[in-house]
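To keep things clear, I will list the structure first and then write my remarks on it.
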Amino acid sequence: MRLGYVLKIHLFGILHGKIGPYFINTHFVYGNEDDASCLLTFIDEAKNDKLSMPKAVFEKVKSQYDTNSIYKDVVDEMVDCIKSNINVDEIDYISGGERRDWFFSYMASYLLGKPQITIFKDLGTVVSDSNFTDSNFVNDISGKKVLHIADLMNQASSYIRAWIPAIQNLGGELVWSLVIVDRMQGGAKRLEDLGIQSFSMTKIDKNLFSTALEKGVINDAQFSMIEKYLEDPDGTMKDFLVAHPEFLQNALNSNPKTAGRAKLCIDGNLYDLN
């Protein structure tokens, strides 16, 4: 199985106020869009009780692993990637951050027999055994080494803002990172500069879009923009907005979610357009 074949890639949009010619829904490798959306909704409801949530979510992902061949293939490939790059005996804990990381980190803990550190956005943490039969608030894992599994990495901002501090607050050390998709936007280097070994299952680079062009999934103009974007993300998107001033206005008049993202772009003057 090749992971790139089951990723869902959207052309053009806004995320966190930034414009991009493509966006990736990594969690759709859970099997299909409906199942992934249902799990996210389930998580949002279950996380009100942080101690009971890990077991409830694990039961969902374990059932999906047992019944959905796409998700099972991705998880098995992930575990093989870990075993190929890391001495599993050195891993004390596996961690995953709210929410999409849990699609993958929970099954890694189970299959590798390692306890899971569930990290919430407020930096709260819950530690579960590898079977998720017992979960507790734990304040100290001093001297323990942690592998963090994430769905997607851009510039590693979630690591810097939340995942690394959460592990450090427990006295542990985040030694390794594995992401399902690396967008190749400098995140791996940021982690490596911090002494964290960074691995990925697939990389979003020019080669992927060259294949998409050859297969007719994108056209020459789209490929040209993506190629420029990979070299200079902010400069390329600034040029696009100058050439298409209606883009942000249309986004502001769109659904509330898209309008909110457009407002972040404008209020933050993220492309120095004044």
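Chains: A, B, ... in order of the structure tokens. Residues: from 1 per chain. Ligands: from 1, in order shown.
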
Just the residues within 8 Å of Phe137 in chain A, please, counting only C-alpha atoms, with nothing from its chain fewer than 6 positions along; format it as a PyMOL selection string. chain A and resi 51+125-127

Would you mind listing what lies within 10 Å of Lys18 in chain A as a list in words, with only C-alpha atoms counted and same-chain residues fewer than 3 positions away left out?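 Neighbouring residues, sequence-local ones excluded: Gly13, Ile14, Leu15, Pro233, Asp234, Met237, Arg261, Ala262, Leu264, Cys265, Ile266, Gly268, Leu270 and Tyr271 of chain A.
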
Select, from A:Leu152, A:Ile119, A:Ile19, A:Val181, the residue with the minimum atom-to-atom distance to Thr202 in chain A, counting only C-alpha atoms.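 Closest residue, counting only C-alpha atoms: A:Val181.
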
Between CA of Tyr106 in chain A and CA of Lys50 in chain A, measure the distance and give it in Å to one decimal. 14.8 Å

Residues flagged alpha helix (DSSP H) by DSSP in range 22-256 of chain A, as a compact mmCIF listing (two decimals) with N, CA and C atoms, in the first residue's frame:
```txt
# COMPACT_ATOMS: atom_id res chain seq x y z
N GLU A 33 -14.11 9.41 4.77
CA GLU A 33 -14.40 10.72 5.37
C GLU A 33 -15.47 10.64 6.45
N ASP A 34 -16.51 9.86 6.21
CA ASP A 34 -17.61 9.77 7.18
C ASP A 34 -17.13 9.18 8.51
N ASP A 35 -16.36 8.10 8.45
CA ASP A 35 -15.87 7.47 9.68
C ASP A 35 -14.95 8.42 10.44
N ALA A 36 -14.11 9.14 9.70
CA ALA A 36 -13.19 10.08 10.35
C ALA A 36 -13.96 11.21 11.04
N SER A 37 -14.96 11.74 10.35
CA SER A 37 -15.76 12.82 10.93
C SER A 37 -16.53 12.34 12.16
N CYS A 38 -17.03 11.12 12.08
CA CYS A 38 -17.76 10.56 13.23
C CYS A 38 -16.85 10.39 14.44
N LEU A 39 -15.61 9.98 14.20
CA LEU A 39 -14.68 9.81 15.32
C LEU A 39 -14.33 11.16 15.94
N LEU A 40 -14.14 12.19 15.12
CA LEU A 40 -13.85 13.52 15.65
C LEU A 40 -15.01 14.03 16.51
N THR A 41 -16.22 13.80 16.05
CA THR A 41 -17.40 14.20 16.83
C THR A 41 -17.46 13.42 18.15
N PHE A 42 -17.17 12.13 18.08
CA PHE A 42 -17.16 11.30 19.27
C PHE A 42 -16.13 11.80 20.27
N ILE A 43 -14.94 12.15 19.79
CA ILE A 43 -13.88 12.66 20.66
C ILE A 43 -14.33 13.94 21.35
N ASP A 44 -14.94 14.85 20.58
CA ASP A 44 -15.37 16.12 21.15
C ASP A 44 -16.37 15.92 22.29
N GLU A 45 -17.18 14.90 22.17
CA GLU A 45 -18.16 14.61 23.22
C GLU A 45 -17.52 13.88 24.40
N ALA A 46 -16.59 12.97 24.08
CA ALA A 46 -16.01 12.12 25.12
C ALA A 46 -14.96 12.84 25.97
N MET A 53 -12.12 9.00 28.56
CA MET A 53 -12.02 9.18 27.12
C MET A 53 -11.03 8.26 26.43
N PRO A 54 -9.79 8.08 26.94
CA PRO A 54 -8.84 7.23 26.21
C PRO A 54 -9.36 5.83 25.91
N LYS A 55 -9.99 5.20 26.88
CA LYS A 55 -10.51 3.86 26.65
C LYS A 55 -11.61 3.87 25.61
N ALA A 56 -12.50 4.86 25.69
CA ALA A 56 -13.61 4.95 24.75
C ALA A 56 -13.11 5.17 23.32
N VAL A 57 -12.14 6.05 23.17
CA VAL A 57 -11.59 6.32 21.84
C VAL A 57 -10.80 5.12 21.33
N PHE A 58 -10.04 4.49 22.22
CA PHE A 58 -9.28 3.31 21.80
C PHE A 58 -10.21 2.22 21.27
N GLU A 59 -11.34 2.00 21.93
CA GLU A 59 -12.27 0.97 21.47
C GLU A 59 -12.77 1.28 20.06
N LYS A 60 -12.94 2.55 19.76
CA LYS A 60 -13.37 2.95 18.42
C LYS A 60 -12.29 2.66 17.38
N VAL A 61 -11.04 3.08 17.68
CA VAL A 61 -9.99 2.91 16.68
C VAL A 61 -9.60 1.44 16.54
N LYS A 62 -9.68 0.68 17.63
CA LYS A 62 -9.38 -0.75 17.55
C LYS A 62 -10.42 -1.47 16.68
N SER A 63 -11.68 -1.10 16.82
CA SER A 63 -12.73 -1.69 15.99
C SER A 63 -12.51 -1.34 14.52
N GLN A 64 -12.11 -0.10 14.27
CA GLN A 64 -11.84 0.31 12.88
C GLN A 64 -10.65 -0.46 12.32
N TYR A 65 -9.63 -0.64 13.13
CA TYR A 65 -8.44 -1.39 12.71
C TYR A 65 -8.83 -2.83 12.34
N ASP A 66 -9.74 -3.41 13.09
CA ASP A 66 -10.14 -4.79 12.86
C ASP A 66 -11.05 -4.96 11.65
N THR A 67 -11.67 -3.87 11.19
CA THR A 67 -12.68 -4.01 10.14
C THR A 67 -12.40 -3.22 8.86
N SER A 69 -9.71 -2.15 6.01
CA SER A 69 -8.40 -2.54 5.48
C SER A 69 -7.50 -1.34 5.19
N ILE A 70 -8.09 -0.20 4.80
CA ILE A 70 -7.27 0.99 4.53
C ILE A 70 -6.58 1.45 5.81
N TYR A 71 -7.37 1.60 6.87
CA TYR A 71 -6.81 2.05 8.13
C TYR A 71 -5.81 1.04 8.68
N LYS A 72 -6.14 -0.22 8.60
CA LYS A 72 -5.22 -1.27 9.10
C LYS A 72 -3.89 -1.21 8.36
N ASP A 73 -3.94 -1.05 7.04
CA ASP A 73 -2.70 -0.98 6.26
C ASP A 73 -1.85 0.21 6.69
N VAL A 74 -2.49 1.36 6.91
CA VAL A 74 -1.75 2.55 7.31
C VAL A 74 -1.11 2.35 8.69
N VAL A 75 -1.88 1.80 9.63
CA VAL A 75 -1.36 1.58 10.98
C VAL A 75 -0.22 0.57 10.95
N ASP A 76 -0.38 -0.51 10.21
CA ASP A 76 0.69 -1.51 10.12
C ASP A 76 1.95 -0.92 9.50
N GLU A 77 1.75 -0.08 8.48
CA GLU A 77 2.89 0.60 7.86
C GLU A 77 3.58 1.53 8.86
N MET A 78 2.78 2.21 9.68
CA MET A 78 3.31 3.10 10.71
C MET A 78 4.16 2.32 11.72
N VAL A 79 3.64 1.20 12.19
CA VAL A 79 4.38 0.38 13.16
C VAL A 79 5.67 -0.14 12.54
N ASP A 80 5.63 -0.55 11.29
CA ASP A 80 6.85 -1.00 10.61
C ASP A 80 7.87 0.13 10.52
N CYS A 81 7.38 1.34 10.26
CA CYS A 81 8.27 2.50 10.17
C CYS A 81 8.95 2.76 11.50
N ILE A 82 8.20 2.64 12.58
CA ILE A 82 8.78 2.83 13.91
C ILE A 82 9.86 1.79 14.17
N LYS A 83 9.54 0.53 13.92
CA LYS A 83 10.48 -0.56 14.18
C LYS A 83 11.75 -0.44 13.32
N SER A 84 11.59 0.13 12.12
CA SER A 84 12.73 0.25 11.21
C SER A 84 13.68 1.38 11.59
N ASN A 85 13.17 2.37 12.34
CA ASN A 85 13.96 3.56 12.62
C ASN A 85 14.32 3.76 14.08
N TRP A 102 -4.50 11.14 17.86
CA TRP A 102 -5.01 9.95 18.54
C TRP A 102 -5.49 8.88 17.57
N PHE A 103 -5.80 9.29 16.33
CA PHE A 103 -6.17 8.31 15.30
C PHE A 103 -5.06 7.27 15.14
N PHE A 104 -3.82 7.69 15.40
CA PHE A 104 -2.66 6.86 15.11
C PHE A 104 -1.88 6.45 16.36
N SER A 105 -1.73 7.38 17.31
CA SER A 105 -0.88 7.09 18.48
C SER A 105 -1.48 5.99 19.36
N TYR A 106 -2.81 5.93 19.44
CA TYR A 106 -3.43 4.92 20.30
C TYR A 106 -3.13 3.51 19.79
N MET A 107 -3.24 3.29 18.50
CA MET A 107 -2.98 1.96 17.95
C MET A 107 -1.50 1.62 18.04
N ALA A 108 -0.63 2.62 17.92
CA ALA A 108 0.81 2.37 18.07
C ALA A 108 1.11 1.89 19.48
N SER A 109 0.51 2.52 20.48
CA SER A 109 0.71 2.09 21.87
C SER A 109 0.26 0.64 22.05
N TYR A 110 -0.89 0.33 21.54
CA TYR A 110 -1.45 -1.01 21.68
C TYR A 110 -0.58 -2.06 21.00
N LEU A 111 -0.21 -1.81 19.77
CA LEU A 111 0.53 -2.81 19.00
C LEU A 111 1.98 -2.97 19.44
N LEU A 112 2.54 -1.90 20.02
CA LEU A 112 3.93 -1.96 20.49
C LEU A 112 4.02 -2.23 21.99
N SER A 157 4.75 23.83 14.71
CA SER A 157 4.28 24.81 15.69
C SER A 157 3.52 24.15 16.84
N SER A 158 2.76 23.08 16.57
CA SER A 158 2.05 22.38 17.65
C SER A 158 3.03 21.72 18.61
N ILE A 164 5.76 19.36 23.14
CA ILE A 164 7.04 19.31 23.86
C ILE A 164 6.90 19.84 25.29
N PRO A 165 6.27 21.02 25.49
CA PRO A 165 6.10 21.50 26.87
C PRO A 165 5.29 20.55 27.74
N ALA A 166 4.29 19.88 27.17
CA ALA A 166 3.47 18.96 27.98
C ALA A 166 4.32 17.81 28.50
N ILE A 167 5.21 17.28 27.66
CA ILE A 167 6.09 16.18 28.10
C ILE A 167 7.11 16.70 29.10
N GLN A 168 7.64 17.89 28.86
CA GLN A 168 8.61 18.48 29.79
C GLN A 168 7.97 18.76 31.15
N ASN A 169 6.70 19.14 31.16
CA ASN A 169 6.01 19.39 32.43
C ASN A 169 5.93 18.13 33.29
N GLY A 187 9.45 21.89 9.53
CA GLY A 187 9.16 21.35 10.86
C GLY A 187 10.18 20.34 11.33
N ALA A 188 10.59 19.43 10.44
CA ALA A 188 11.55 18.40 10.82
C ALA A 188 12.86 19.02 11.28
N LYS A 189 13.30 20.06 10.58
CA LYS A 189 14.56 20.71 10.97
C LYS A 189 14.42 21.41 12.32
N ARG A 190 13.27 22.02 12.58
CA ARG A 190 13.07 22.66 13.88
C ARG A 190 13.18 21.64 15.01
N LEU A 191 12.61 20.45 14.79
CA LEU A 191 12.70 19.42 15.81
C LEU A 191 14.12 18.91 15.96
N GLU A 192 14.77 18.68 14.83
CA GLU A 192 16.15 18.19 14.88
C GLU A 192 17.08 19.19 15.55
N ASP A 193 16.82 20.49 15.37
CA ASP A 193 17.61 21.52 16.05
C ASP A 193 17.43 21.45 17.57
N LYS A 206 7.52 18.01 -4.45
CA LYS A 206 7.26 18.22 -5.87
C LYS A 206 6.96 16.92 -6.60
N ASN A 207 7.60 15.84 -6.18
CA ASN A 207 7.40 14.56 -6.87
C ASN A 207 5.94 14.11 -6.81
N LEU A 208 5.29 14.32 -5.67
CA LEU A 208 3.89 13.91 -5.54
C LEU A 208 3.02 14.68 -6.53
N PHE A 209 3.26 15.98 -6.66
CA PHE A 209 2.44 16.79 -7.55
C PHE A 209 2.80 16.56 -9.02
N SER A 210 4.04 16.17 -9.29
CA SER A 210 4.42 15.78 -10.65
C SER A 210 3.61 14.57 -11.09
N THR A 211 3.45 13.63 -10.16
CA THR A 211 2.63 12.44 -10.45
C THR A 211 1.18 12.83 -10.67
N ALA A 212 0.69 13.75 -9.83
CA ALA A 212 -0.70 14.21 -9.98
C ALA A 212 -0.90 14.89 -11.33
N LEU A 213 0.09 15.63 -11.79
CA LEU A 213 0.01 16.28 -13.11
C LEU A 213 -0.02 15.23 -14.22
N GLU A 214 0.85 14.24 -14.11
CA GLU A 214 0.91 13.19 -15.12
C GLU A 214 -0.41 12.43 -15.22
N ASP A 220 -1.58 22.21 -15.67
CA ASP A 220 -0.27 22.86 -15.72
C ASP A 220 -0.23 24.12 -14.86
N ALA A 221 -1.30 24.90 -14.89
CA ALA A 221 -1.32 26.15 -14.12
C ALA A 221 -1.29 25.85 -12.62
N GLN A 222 -2.05 24.86 -12.19
CA GLN A 222 -2.05 24.48 -10.78
C GLN A 222 -0.68 23.95 -10.35
N PHE A 223 -0.08 23.14 -11.20
CA PHE A 223 1.25 22.61 -10.88
C PHE A 223 2.27 23.74 -10.76
N SER A 224 2.19 24.71 -11.68
CA SER A 224 3.14 25.83 -11.66
C SER A 224 3.03 26.61 -10.36
N MET A 225 1.78 26.86 -9.91
CA MET A 225 1.61 27.59 -8.66
C MET A 225 2.14 26.79 -7.47
N ILE A 226 1.84 25.49 -7.45
CA ILE A 226 2.31 24.65 -6.35
C ILE A 226 3.84 24.61 -6.33
N GLU A 227 4.44 24.53 -7.51
CA GLU A 227 5.90 24.51 -7.61
C GLU A 227 6.49 25.79 -7.02
N LYS A 228 5.90 26.93 -7.36
CA LYS A 228 6.37 28.20 -6.81
C LYS A 228 6.13 28.26 -5.31
N TYR A 229 4.98 27.77 -4.88
CA TYR A 229 4.64 27.77 -3.45
C TYR A 229 5.64 26.96 -2.63
N LEU A 230 6.07 25.83 -3.15
CA LEU A 230 7.03 25.00 -2.43
C LEU A 230 8.36 25.71 -2.24
N GLU A 231 8.69 26.61 -3.16
CA GLU A 231 9.94 27.37 -3.06
C GLU A 231 9.78 28.58 -2.14
N PRO A 233 6.49 29.96 -0.01
CA PRO A 233 5.06 29.93 0.33
C PRO A 233 4.44 31.32 0.49
N ASP A 234 5.01 32.16 1.34
CA ASP A 234 4.40 33.46 1.61
C ASP A 234 4.44 34.38 0.40
N GLY A 235 5.57 34.40 -0.30
CA GLY A 235 5.69 35.26 -1.47
C GLY A 235 4.71 34.87 -2.57
N THR A 236 4.56 33.58 -2.79
CA THR A 236 3.64 33.10 -3.83
C THR A 236 2.20 33.45 -3.50
N MET A 237 1.82 33.27 -2.23
CA MET A 237 0.44 33.57 -1.85
C MET A 237 0.17 35.07 -1.80
N LYS A 238 1.18 35.88 -1.48
CA LYS A 238 1.01 37.33 -1.54
C LYS A 238 0.75 37.77 -2.97
N ASP A 239 1.53 37.23 -3.90
CA ASP A 239 1.34 37.56 -5.32
C ASP A 239 -0.07 37.15 -5.77
N PHE A 240 -0.52 35.99 -5.30
CA PHE A 240 -1.86 35.52 -5.68
C PHE A 240 -2.93 36.48 -5.18
N LEU A 241 -2.81 36.92 -3.92
CA LEU A 241 -3.81 37.81 -3.35
C LEU A 241 -3.81 39.18 -4.02
N VAL A 242 -2.64 39.64 -4.43
CA VAL A 242 -2.56 40.91 -5.16
C VAL A 242 -3.27 40.78 -6.51
N ALA A 243 -3.08 39.64 -7.15
CA ALA A 243 -3.69 39.41 -8.46
C ALA A 243 -5.17 39.08 -8.37
N GLU A 246 -10.38 39.59 -5.00
CA GLU A 246 -11.72 39.09 -4.67
C GLU A 246 -11.69 37.82 -3.83
N PHE A 247 -10.53 37.15 -3.74
CA PHE A 247 -10.45 35.87 -3.05
C PHE A 247 -10.83 36.00 -1.58
N LEU A 248 -10.24 36.97 -0.89
CA LEU A 248 -10.53 37.15 0.53
C LEU A 248 -11.94 37.67 0.75
N GLN A 249 -12.43 38.54 -0.15
CA GLN A 249 -13.80 39.04 -0.01
C GLN A 249 -14.80 37.90 -0.15
N ASN A 250 -14.56 37.01 -1.11
CA ASN A 250 -15.44 35.85 -1.28
C ASN A 250 -15.38 34.95 -0.06
N ALA A 251 -14.19 34.82 0.52
CA ALA A 251 -14.05 33.99 1.71
C ALA A 251 -14.81 34.59 2.89
N LEU A 252 -14.77 35.92 3.02
CA LEU A 252 -15.49 36.60 4.09
C LEU A 252 -17.00 36.41 3.96
N PRO A 256 -19.30 30.51 8.01
CA PRO A 256 -18.63 31.13 9.18
C PRO A 256 -17.21 30.63 9.41
```

Just the number, please: distance in Å from CA of His148 in chain A to CA of Ser177 in chain A, one decimal.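 Distance between the two atoms: 4.9 Å.
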
Within 8 Å of Lys121 in chain A, counting only C-alpha atoms, which residues qualify if same-chain residues fewer than 4 places away don't, as a ChimeraX atom specification? /A:97-98,162

Saved selection, atoms kept: C-alpha atoms, as a short mmCIF file (atom, residue, chain, number, x, y, z; two decimals), in the first residue's frame:
```cif
data_model
loop_
_atom_site.label_atom_id
_atom_site.label_comp_id
_atom_site.auth_asym_id
_atom_site.auth_seq_id
_atom_site.Cartn_x
_atom_site.Cartn_y
_atom_site.Cartn_z
CA GLY A 97 -1.97 15.33 20.91
CA GLU A 98 -5.57 16.42 20.63
CA ALA A 162 2.09 22.27 23.20
#
```

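Comparing A:Gly195, A:Pro245, A:Gly113, A:Gly31 by their smallest distance to Val88 in chain A, the closest is A:Gly113 (using only C-alpha atoms).
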
Would you work out the distance separating CA of Asp140 in chain A from CA of Trp176 in chain A, expressed in Å to one decimal?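 Answer for the CA of Asp140 in chain A to CA of Trp176 in chain A separation: 19.1 Å.
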
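Nearest to Leu174 in chain A of all the residues A:Gly260, A:Gly96, A:Gly186, A:Pro21 is A:Gly96, based on only C-alpha atoms.
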